[in-house]
file start.pdb (PDB, C-alpha atoms)
ATOM      1  CA  MET A1253     191.145 178.801  75.049
ATOM      2  CA  LYS A1254     188.142 179.991  77.045
ATOM      3  CA  LEU A1255     187.592 183.690  77.585
ATOM      4  CA  ARG A1256     186.682 184.544  81.163
ATOM      5  CA  LEU A1257     184.854 187.802  81.794
ATOM      6  CA  PHE A1258     185.072 188.959  85.374
ATOM      7  CA  PRO A1259     182.021 190.627  86.975
ATOM      8  CA  VAL A1260     183.552 194.128  87.020
ATOM      9  CA  PHE A1261     184.280 193.873  83.290
ATOM     10  CA  LEU A1262     180.743 192.638  82.682
ATOM     11  CA  VAL A1263     179.388 195.643  84.572
ATOM     12  CA  PHE A1264     181.385 197.979  82.294
ATOM     13  CA  LEU A1265     180.035 196.221  79.230
ATOM     14  CA  GLY A1266     176.487 196.485  80.579
ATOM     15  CA  PHE A1267     175.872 192.729  80.651
ATOM     16  CA  LEU A1268     175.163 192.306  84.334
ATOM     17  CA  PRO A1269     171.520 192.702  85.276
ATOM     18  CA  ALA A1270     170.292 196.011  86.604
ATOM     19  CA  CYS A1271     170.153 195.865  90.359
ATOM     20  CA  SER A1272     167.641 197.492  92.626
ATOM     21  CA  HIS A1273     170.352 197.977  95.281
ATOM     22  CA  ALA A1274     173.134 200.078  93.809
ATOM     23  CA  PRO A1275     176.576 200.092  95.405
ATOM     24  CA  GLN A1276     177.137 203.011  97.728
ATOM     25  CA  ALA A1277     178.694 206.003  96.005
ATOM     26  CA  PRO A1278     181.581 207.977  97.527
ATOM     27  CA  PRO A1279     180.507 210.996  99.637
ATOM     28  CA  THR A1280     181.588 213.317  96.800
ATOM     29  CA  PHE A1281     182.741 212.473  93.289
ATOM     30  CA  ARG A1282     182.977 214.064  89.858
ATOM     31  CA  VAL A1283     181.852 212.730  86.497
ATOM     32  CA  GLN A1284     183.084 214.093  83.189
ATOM     33  CA  PHE A1285     180.591 213.984  80.352
ATOM     34  CA  ASP A1286     182.284 214.133  76.952
ATOM     35  CA  THR A1287     179.611 215.267  74.516
ATOM     36  CA  SER A1288     179.267 216.174  70.858
ATOM     37  CA  LYS A1289     179.425 219.827  72.012
ATOM     38  CA  GLY A1290     182.418 219.403  74.354
ATOM     39  CA  PRO A1291     182.967 218.352  77.986
ATOM     40  CA  PHE A1292     181.133 219.264  81.159
ATOM     41  CA  VAL A1293     181.720 218.056  84.719
ATOM     42  CA  VAL A1294     179.133 217.153  87.353
ATOM     43  CA  GLU A1295     180.059 217.064  91.035
ATOM     44  CA  VAL A1296     177.853 214.721  93.054
ATOM     45  CA  HIS A1297     177.127 215.145  96.771
ATOM     46  CA  ARG A1298     175.752 211.925  98.194
ATOM     47  CA  ASP A1299     174.333 213.671 101.272
ATOM     48  CA  TRP A1300     172.023 215.731  99.033
ATOM     49  CA  SER A1301     170.212 212.666  97.669
ATOM     50  CA  PRO A1302     171.774 209.333  98.742
ATOM     51  CA  LYS A1303     169.660 206.910  96.718
ATOM     52  CA  GLY A1304     169.899 209.128  93.643
ATOM     53  CA  ALA A1305     173.679 209.479  93.968
ATOM     54  CA  ASP A1306     174.108 205.718  94.411
ATOM     55  CA  ARG A1307     172.011 204.949  91.314
ATOM     56  CA  PHE A1308     173.912 207.546  89.264
ATOM     57  CA  TYR A1309     177.274 206.137  90.378
ATOM     58  CA  ASP A1310     176.132 202.611  89.435
ATOM     59  CA  LEU A1311     174.888 203.749  86.014
ATOM     60  CA  ILE A1312     178.146 205.590  85.282
ATOM     61  CA  GLN A1313     180.153 202.462  86.193
ATOM     62  CA  ARG A1314     177.978 200.488  83.758
ATOM     63  CA  ARG A1315     178.576 203.134  81.042
ATOM     64  CA  PHE A1316     174.836 203.531  80.750
ATOM     65  CA  TYR A1317     174.947 207.135  79.544
ATOM     66  CA  ASP A1318     177.407 206.557  76.671
ATOM     67  CA  GLU A1319     175.761 207.467  73.334
ATOM     68  CA  ASN A1320     172.636 208.901  75.045
ATOM     69  CA  ARG A1321     170.945 211.702  73.117
ATOM     70  CA  PHE A1322     169.807 214.936  74.780
ATOM     71  CA  PHE A1323     166.247 214.346  73.591
ATOM     72  CA  ARG A1324     164.445 217.109  75.500
ATOM     73  CA  VAL A1325     165.868 220.618  75.473
ATOM     74  CA  VAL A1326     163.601 223.359  76.774
ATOM     75  CA  PRO A1327     165.479 226.692  76.723
ATOM     76  CA  ASN A1328     165.392 228.575  80.008
ATOM     77  CA  PHE A1329     164.109 225.438  81.785
ATOM     78  CA  VAL A1330     165.875 222.033  81.485
ATOM     79  CA  ILE A1331     167.928 219.666  79.330
ATOM     80  CA  GLN A1332     166.961 215.991  79.658
ATOM     81  CA  TRP A1333     168.550 212.664  78.672
ATOM     82  CA  GLY A1334     168.943 209.142  80.032
ATOM     83  CA  ILE A1335     167.203 206.689  77.712
ATOM     84  CA  HIS A1336     169.787 204.216  76.484
ATOM     85  CA  GLY A1337     170.315 203.969  72.723
ATOM     86  CA  ASP A1338     169.921 200.177  72.795
ATOM     87  CA  PRO A1339     166.273 199.294  73.606
ATOM     88  CA  GLN A1340     167.256 195.880  75.038
ATOM     89  CA  PHE A1341     169.664 197.492  77.499
ATOM     90  CA  GLN A1342     167.092 200.175  78.386
ATOM     91  CA  LEU A1343     164.474 197.481  79.055
ATOM     92  CA  LYS A1344     166.580 196.121  81.934
ATOM     93  CA  TRP A1345     166.154 199.441  83.751
ATOM     94  CA  GLN A1346     162.637 200.401  82.740
ATOM     95  CA  ASP A1347     160.938 199.067  85.886
ATOM     96  CA  LYS A1348     163.802 199.584  88.351
ATOM     97  CA  ASN A1349     162.069 202.425  90.134
ATOM     98  CA  LEU A1350     164.015 204.213  92.818
ATOM     99  CA  ALA A1351     162.369 205.438  96.017
ATOM    100  CA  ASP A1352     162.410 209.199  96.399
ATOM    101  CA  ASP A1353     164.964 211.027  98.499
ATOM    102  CA  PRO A1354     163.864 214.015 100.590
ATOM    103  CA  VAL A1355     164.541 217.285  98.759
ATOM    104  CA  LYS A1356     167.471 218.948 100.540
ATOM    105  CA  GLU A1357     168.808 221.241  97.801
ATOM    106  CA  THR A1358     167.110 223.740  95.567
ATOM    107  CA  ASN A1359     166.801 223.169  91.811
ATOM    108  CA  ARG A1360     169.029 226.111  91.007
ATOM    109  CA  ARG A1361     170.726 226.666  87.660
ATOM    110  CA  GLY A1362     173.267 223.917  86.944
ATOM    111  CA  THR A1363     171.922 221.307  89.368
ATOM    112  CA  ILE A1364     171.154 217.789  88.148
ATOM    113  CA  ALA A1365     168.242 215.588  89.212
ATOM    114  CA  TYR A1366     166.204 212.621  87.989
ATOM    115  CA  ALA A1367     163.159 213.077  85.797
ATOM    116  CA  THR A1368     160.084 211.300  87.146
ATOM    117  CA  SER A1369     156.509 210.495  86.241
ATOM    118  CA  GLY A1370     155.348 210.839  89.854
ATOM    119  CA  PRO A1371     156.411 209.772  93.350
ATOM    120  CA  ASN A1372     159.008 206.975  93.566
ATOM    121  CA  THR A1373     159.433 206.615  89.784
ATOM    122  CA  ARG A1374     163.049 207.683  89.260
ATOM    123  CA  THR A1375     164.946 205.281  86.984
ATOM    124  CA  THR A1376     167.669 206.537  84.595
ATOM    125  CA  GLN A1377     166.503 209.819  83.067
ATOM    126  CA  LEU A1378     168.276 212.982  84.194
ATOM    127  CA  PHE A1379     167.895 216.693  83.707
ATOM    128  CA  ILE A1380     170.048 219.756  84.280
ATOM    129  CA  ASN A1381     168.335 222.963  85.332
ATOM    130  CA  LEU A1382     169.073 225.768  82.872
ATOM    131  CA  LYS A1383     167.761 228.356  85.331
ATOM    132  CA  ASP A1384     166.631 228.449  88.947
ATOM    133  CA  ASN A1385     163.517 226.235  89.130
ATOM    134  CA  PRO A1386     162.421 226.362  92.799
ATOM    135  CA  GLN A1387     158.911 225.202  91.843
ATOM    136  CA  LEU A1388     160.373 221.717  91.230
ATOM    137  CA  GLU A1389     161.111 221.144  94.919
ATOM    138  CA  LYS A1390     157.376 221.042  95.716
ATOM    139  CA  ARG A1391     157.047 218.282  93.120
ATOM    140  CA  GLY A1392     159.754 216.136  94.767
ATOM    141  CA  PHE A1393     162.682 216.684  92.376
ATOM    142  CA  SER A1394     165.783 216.136  94.507
ATOM    143  CA  PRO A1395     169.099 217.391  93.040
ATOM    144  CA  PHE A1396     172.066 215.118  93.721
ATOM    145  CA  GLY A1397     174.810 217.193  92.114
ATOM    146  CA  GLU A1398     175.678 220.216  90.035
ATOM    147  CA  VAL A1399     177.651 221.198  86.968
ATOM    148  CA  VAL A1400     180.979 222.595  88.187
ATOM    149  CA  GLY A1401     182.668 222.971  84.806
ATOM    150  CA  GLY A1402     181.415 223.423  81.258
ATOM    151  CA  MET A1403     178.024 225.007  81.891
ATOM    152  CA  ASN A1404     178.666 226.940  78.661
ATOM    153  CA  VAL A1405     178.717 223.548  76.880
ATOM    154  CA  VAL A1406     175.407 222.576  78.493
ATOM    155  CA  ASN A1407     173.908 225.882  77.353
ATOM    156  CA  ASP A1408     175.036 225.203  73.759
ATOM    157  CA  ILE A1409     173.343 221.779  73.452
ATOM    158  CA  TYR A1410     171.103 221.833  70.372
ATOM    159  CA  PRO A1411     167.595 223.071  71.315
ATOM    160  CA  GLY A1412     165.941 222.951  67.885
ATOM    161  CA  TYR A1413     163.669 219.947  68.505
ATOM    162  CA  GLY A1414     162.405 221.107  71.902
ATOM    163  CA  GLN A1415     160.218 218.362  73.347
ATOM    164  CA  THR A1416     159.314 216.803  69.986
ATOM    165  CA  PRO A1417     161.158 213.438  70.202
ATOM    166  CA  ASP A1418     158.671 210.824  71.439
ATOM    167  CA  GLN A1419     159.956 209.109  74.584
ATOM    168  CA  ASP A1420     157.909 205.958  73.885
ATOM    169  CA  GLN A1421     159.549 205.679  70.463
ATOM    170  CA  ILE A1422     162.994 206.193  72.009
ATOM    171  CA  GLN A1423     162.236 203.388  74.497
ATOM    172  CA  LEU A1424     161.116 201.092  71.654
ATOM    173  CA  HIS A1425     163.667 201.931  68.956
ATOM    174  CA  GLY A1426     166.526 203.731  70.730
ATOM    175  CA  ASN A1427     169.063 205.740  68.795
ATOM    176  CA  GLU A1428     167.865 204.277  65.499
ATOM    177  CA  TYR A1429     164.665 206.331  65.833
ATOM    178  CA  LEU A1430     166.526 209.472  66.944
ATOM    179  CA  GLN A1431     169.231 209.297  64.276
ATOM    180  CA  LYS A1432     166.608 208.859  61.573
ATOM    181  CA  ARG A1433     164.281 211.678  62.662
ATOM    182  CA  PHE A1434     166.405 214.049  64.759
ATOM    183  CA  GLN A1435     169.918 214.018  63.311
ATOM    184  CA  GLN A1436     171.016 217.262  64.960
ATOM    185  CA  LEU A1437     170.544 216.088  68.538
ATOM    186  CA  ASP A1438     173.666 216.436  70.626
ATOM    187  CA  TYR A1439     174.726 213.407  72.642
ATOM    188  CA  VAL A1440     176.977 212.003  75.347
ATOM    189  CA  LYS A1441     180.029 210.283  73.843
ATOM    190  CA  ALA A1442     181.182 208.938  77.224
ATOM    191  CA  ALA A1443     180.657 209.613  80.935
ATOM    192  CA  ARG A1444     183.316 208.560  83.433
ATOM    193  CA  VAL A1445     184.093 209.131  87.116
ATOM    194  CA  GLU A1446     187.140 211.395  87.336
ATOM    195  CA  GLN A1447     190.110 209.728  89.006
TER     196      GLN A1447
END
call {"tool": "encode", "arguments": {"input": "start.pdb", "output": "structure tokens"}}
result
Amino acid sequence: MKLRLFPVFLVFLGFLPACSHAPQAPPTFRVQFDTSKGPFVVEVHRDWSPKGADRFYDLIQRRFYDENRFFRVVPNFVIQWGIHGDPQFQLKWQDKNLADDPVKETNRRGTIAYATSGPNTRTTQLFINLKDNPQLEKRGFSPFGEVVGGMNVVNDIYPGYGQTPDQDQIQLHGNEYLQKRFQQLDYVKAARVEQ
């Protein structure tokens, strides 16, 4: 008997190719992140940053953020994650740059945005502001949502390694590198759109 995998199932398993044109996200939706520290909930507002919200919605549907480590934790600034633990899966997204959205919201405490390496370089990495960071608006960081539950969990994510984990090594070796060198990193167990 032949096993047939339908496209939606393949998306959930992460086997469909990364697309440059994400499906349109709902106007507002919530995503629960279950982490090694407990749950937190992000509410997304598509009108804040449409392209960013659409990409995030697509990545959540593909279960991209499952098993991601919070590899950059800078107290009183940001917490960052979004490099997939499987380097082959990450490679599919590495060059899928997303055009910038105009900045409509301030980077206040609890808002979530994409990390970048310059204009029009958003891909999969995210950060949550741990304090008000208005200076980030001038640099083009466009929040697309905010933590509406569990900010205490976000604040408790392990900060001991700071910015030490090497992002190039994470890209090359994934969670194998992080688990070997940075065992105390907290991580996302699963991230799902709330029904």
call {"tool": "atom_distance", "arguments": {"input": "start.pdb", "atom1": "CA of Pro1291 (chain A)", "atom2": "CA of Gln1419 (chain A)"}}
result
25.0 Å
call {"tool": "closest_residue", "arguments": {"input": "start.pdb", "among": "A:Trp1300, A:Trp1333, A:Phe1285, A:Phe1434", "to": "Ile1312 (chain A)", "atoms": "all atoms listed in the file"}}
result
A:Phe1285
call {"tool": "resolve_selection", "arguments": {"input": "start.pdb", "expression": "the PyMOL selection byres ((chain A and resi 1422-1427) around 8)", "output": "ChimeraX atom specification"}}
result
/A:1320-1321,1335-1339,1342-1343,1417-1421,1428-1431
call {"tool": "write_last_selection", "arguments": {"input": "start.pdb", "atoms": "C-alpha atoms", "output": "tab-separated table (two decimals), in the coordinates of the input"}}
result
chain	number	residue	atom	x	y	z
A	1320	ASN	CA	172.64	208.90	75.04
A	1321	ARG	CA	170.94	211.70	73.12
A	1335	ILE	CA	167.20	206.69	77.71
A	1336	HIS	CA	169.79	204.22	76.48
A	1337	GLY	CA	170.32	203.97	72.72
A	1338	ASP	CA	169.92	200.18	72.80
A	1339	PRO	CA	166.27	199.29	73.61
A	1342	GLN	CA	167.09	200.18	78.39
A	1343	LEU	CA	164.47	197.48	79.06
A	1417	PRO	CA	161.16	213.44	70.20
A	1418	ASP	CA	158.67	210.82	71.44
A	1419	GLN	CA	159.96	209.11	74.58
A	1420	ASP	CA	157.91	205.96	73.89
A	1421	GLN	CA	159.55	205.68	70.46
A	1428	GLU	CA	167.86	204.28	65.50
A	1429	TYR	CA	164.66	206.33	65.83
A	1430	LEU	CA	166.53	209.47	66.94
A	1431	GLN	CA	169.23	209.30	64.28
call {"tool": "resolve_selection", "arguments": {"input": "start.pdb", "expression": "the PyMOL selection byres ((chain A and resi 1273-1282) around 7)", "output": "ChimeraX atom specification"}}
result
/A:1271-1272,1283-1284,1293-1299,1305-1307,1309-1310,1445-1446
call {"tool": "residues_around", "arguments": {"input": "start.pdb", "residues": "Arg1361 (chain A)", "least_positions_apart": "4", "cutoff": "7 Å", "atoms": "all atoms listed in the file", "output": "JSON, numbers by chain"}}
result
{"A": [1381, 1382, 1383, 1384]}
call {"tool": "resolve_selection", "arguments": {"input": "start.pdb", "expression": "the PyMOL selection byres ((chain A and resi 1404-1412) around 12)", "output": "PyMOL selection string"}}
result
chain A and resi 1285-1294+1321-1333+1361-1364+1379-1383+1398-1403+1413-1417+1434-1440
call {"tool": "closest_residue", "arguments": {"input": "start.pdb", "among": "A:Phe1316, A:Lys1344, A:Lys1441, A:Arg1374", "to": "Lys1303 (chain A)", "atoms": "all atoms listed in the file"}}
result
A:Arg1374
call {"tool": "atom_distance", "arguments": {"input": "start.pdb", "atom1": "CA of Gln1387 (chain A)", "atom2": "CA of Phe1308 (chain A)"}}
result
23.3 Å
call {"tool": "closest_residue", "arguments": {"input": "start.pdb", "among": "A:Asp1318, A:Gln1313, A:Asn1372, A:Gln1346", "to": "Arg1391 (chain A)", "atoms": "all atoms listed in the file"}}
result
A:Asn1372
call {"tool": "build_atoms", "arguments": {"input": "start.pdb", "residues": "region 1331-1367 of chain A", "atoms": "N, CA and C atoms", "output": "JSON list (two decimals), keeping the file's coordinate frame"}}
result
[["chain", "number", "residue", "atom", "x", "y", "z"],
["A", 1331, "ILE", "N", 167.43, 220.57, 80.37],
["A", 1331, "ILE", "CA", 167.93, 219.67, 79.33],
["A", 1331, "ILE", "C", 167.81, 218.26, 79.91],
["A", 1332, "GLN", "N", 167.23, 217.34, 79.14],
["A", 1332, "GLN", "CA", 166.96, 215.99, 79.66],
["A", 1332, "GLN", "C", 167.56, 214.92, 78.75],
["A", 1333, "TRP", "N", 168.05, 213.84, 79.38],
["A", 1333, "TRP", "CA", 168.55, 212.66, 78.67],
["A", 1333, "TRP", "C", 168.49, 211.48, 79.63],
["A", 1334, "GLY", "N", 168.90, 210.30, 79.14],
["A", 1334, "GLY", "CA", 168.94, 209.14, 80.03],
["A", 1334, "GLY", "C", 168.12, 207.95, 79.58],
["A", 1335, "ILE", "N", 167.79, 207.91, 78.28],
["A", 1335, "ILE", "CA", 167.20, 206.69, 77.71],
["A", 1335, "ILE", "C", 168.30, 206.07, 76.85],
["A", 1336, "HIS", "N", 168.68, 204.86, 77.18],
["A", 1336, "HIS", "CA", 169.79, 204.22, 76.48],
["A", 1336, "HIS", "C", 169.47, 204.00, 75.01],
["A", 1337, "GLY", "N", 170.49, 204.11, 74.17],
["A", 1337, "GLY", "CA", 170.32, 203.97, 72.72],
["A", 1337, "GLY", "C", 169.99, 202.56, 72.26],
["A", 1338, "ASP", "N", 170.24, 201.57, 73.11],
["A", 1338, "ASP", "CA", 169.92, 200.18, 72.80],
["A", 1338, "ASP", "C", 168.66, 199.80, 73.58],
["A", 1339, "PRO", "N", 167.52, 199.59, 72.90],
["A", 1339, "PRO", "CA", 166.27, 199.29, 73.61],
["A", 1339, "PRO", "C", 166.35, 198.08, 74.53],
["A", 1340, "GLN", "N", 167.15, 197.07, 74.18],
["A", 1340, "GLN", "CA", 167.26, 195.88, 75.04],
["A", 1340, "GLN", "C", 167.95, 196.22, 76.36],
["A", 1341, "PHE", "N", 168.97, 197.06, 76.28],
["A", 1341, "PHE", "CA", 169.66, 197.49, 77.50],
["A", 1341, "PHE", "C", 168.75, 198.38, 78.33],
["A", 1342, "GLN", "N", 168.02, 199.28, 77.69],
["A", 1342, "GLN", "CA", 167.09, 200.18, 78.39],
["A", 1342, "GLN", "C", 166.02, 199.37, 79.11],
["A", 1343, "LEU", "N", 165.54, 198.31, 78.49],
["A", 1343, "LEU", "CA", 164.47, 197.48, 79.06],
["A", 1343, "LEU", "C", 164.84, 196.93, 80.43],
["A", 1344, "LYS", "N", 166.12, 196.65, 80.64],
["A", 1344, "LYS", "CA", 166.58, 196.12, 81.93],
["A", 1344, "LYS", "C", 166.35, 197.12, 83.07],
["A", 1345, "TRP", "N", 166.27, 198.40, 82.74],
["A", 1345, "TRP", "CA", 166.15, 199.44, 83.75],
["A", 1345, "TRP", "C", 164.76, 200.05, 83.82],
["A", 1346, "GLN", "N", 163.92, 199.73, 82.87],
["A", 1346, "GLN", "CA", 162.64, 200.40, 82.74],
["A", 1346, "GLN", "C", 161.79, 200.35, 84.00],
["A", 1347, "ASP", "N", 161.78, 199.22, 84.70],
["A", 1347, "ASP", "CA", 160.94, 199.07, 85.89],
["A", 1347, "ASP", "C", 161.73, 199.07, 87.19],
["A", 1348, "LYS", "N", 162.98, 199.52, 87.14],
["A", 1348, "LYS", "CA", 163.80, 199.58, 88.35],
["A", 1348, "LYS", "C", 163.61, 200.93, 89.05],
["A", 1349, "ASN", "N", 162.38, 201.15, 89.50],
["A", 1349, "ASN", "CA", 162.07, 202.42, 90.13],
["A", 1349, "ASN", "C", 162.84, 202.60, 91.43],
["A", 1350, "LEU", "N", 163.22, 203.84, 91.65],
["A", 1350, "LEU", "CA", 164.02, 204.21, 92.82],
["A", 1350, "LEU", "C", 163.14, 205.03, 93.75],
["A", 1351, "ALA", "N", 163.14, 204.67, 95.03],
["A", 1351, "ALA", "CA", 162.37, 205.44, 96.02],
["A", 1351, "ALA", "C", 162.90, 206.87, 96.08],
["A", 1352, "ASP", "N", 162.01, 207.79, 96.34],
["A", 1352, "ASP", "CA", 162.41, 209.20, 96.40],
["A", 1352, "ASP", "C", 163.32, 209.47, 97.59],
["A", 1353, "ASP", "N", 164.19, 210.45, 97.40],
["A", 1353, "ASP", "CA", 164.96, 211.03, 98.50],
["A", 1353, "ASP", "C", 164.27, 212.32, 98.92],
["A", 1354, "PRO", "N", 164.39, 212.70, 100.20],
["A", 1354, "PRO", "CA", 163.86, 214.02, 100.59],
["A", 1354, "PRO", "C", 164.61, 215.11, 99.82],
["A", 1355, "VAL", "N", 163.92, 216.16, 99.48],
["A", 1355, "VAL", "CA", 164.54, 217.28, 98.76],
["A", 1355, "VAL", "C", 165.29, 218.15, 99.76],
["A", 1356, "LYS", "N", 166.63, 218.17, 99.62],
["A", 1356, "LYS", "CA", 167.47, 218.95, 100.54],
["A", 1356, "LYS", "C", 168.09, 220.17, 99.88],
["A", 1357, "GLU", "N", 168.19, 220.14, 98.55],
["A", 1357, "GLU", "CA", 168.81, 221.24, 97.80],
["A", 1357, "GLU", "C", 167.80, 221.84, 96.84],
["A", 1358, "THR", "N", 168.00, 223.09, 96.52],
["A", 1358, "THR", "CA", 167.11, 223.74, 95.57],
["A", 1358, "THR", "C", 167.51, 223.39, 94.13],
["A", 1359, "ASN", "N", 166.55, 223.41, 93.24],
["A", 1359, "ASN", "CA", 166.80, 223.17, 91.81],
["A", 1359, "ASN", "C", 167.27, 224.48, 91.17],
["A", 1360, "ARG", "N", 168.47, 224.88, 91.57],
["A", 1360, "ARG", "CA", 169.03, 226.11, 91.01],
["A", 1360, "ARG", "C", 169.72, 225.79, 89.69],
["A", 1361, "ARG", "N", 170.07, 226.83, 88.95],
["A", 1361, "ARG", "CA", 170.73, 226.67, 87.66],
["A", 1361, "ARG", "C", 171.97, 225.79, 87.82],
["A", 1362, "GLY", "N", 172.09, 224.78, 86.94],
["A", 1362, "GLY", "CA", 173.27, 223.92, 86.94],
["A", 1362, "GLY", "C", 173.13, 222.66, 87.77],
["A", 1363, "THR", "N", 172.08, 222.54, 88.59],
["A", 1363, "THR", "CA", 171.92, 221.31, 89.37],
["A", 1363, "THR", "C", 171.33, 220.21, 88.49],
["A", 1364, "ILE", "N", 171.60, 218.97, 88.90],
["A", 1364, "ILE", "CA", 171.15, 217.79, 88.15],
["A", 1364, "ILE", "C", 170.27, 216.93, 89.05],
["A", 1365, "ALA", "N", 169.19, 216.42, 88.47],
["A", 1365, "ALA", "CA", 168.24, 215.59, 89.21],
["A", 1365, "ALA", "C", 167.65, 214.55, 88.25],
["A", 1366, "TYR", "N", 166.89, 213.62, 88.81],
["A", 1366, "TYR", "CA", 166.20, 212.62, 87.99],
["A", 1366, "TYR", "C", 164.86, 213.15, 87.53],
["A", 1367, "ALA", "N", 164.51, 212.86, 86.28],
["A", 1367, "ALA", "CA", 163.16, 213.08, 85.80],
["A", 1367, "ALA", "C", 162.27, 211.98, 86.39]]
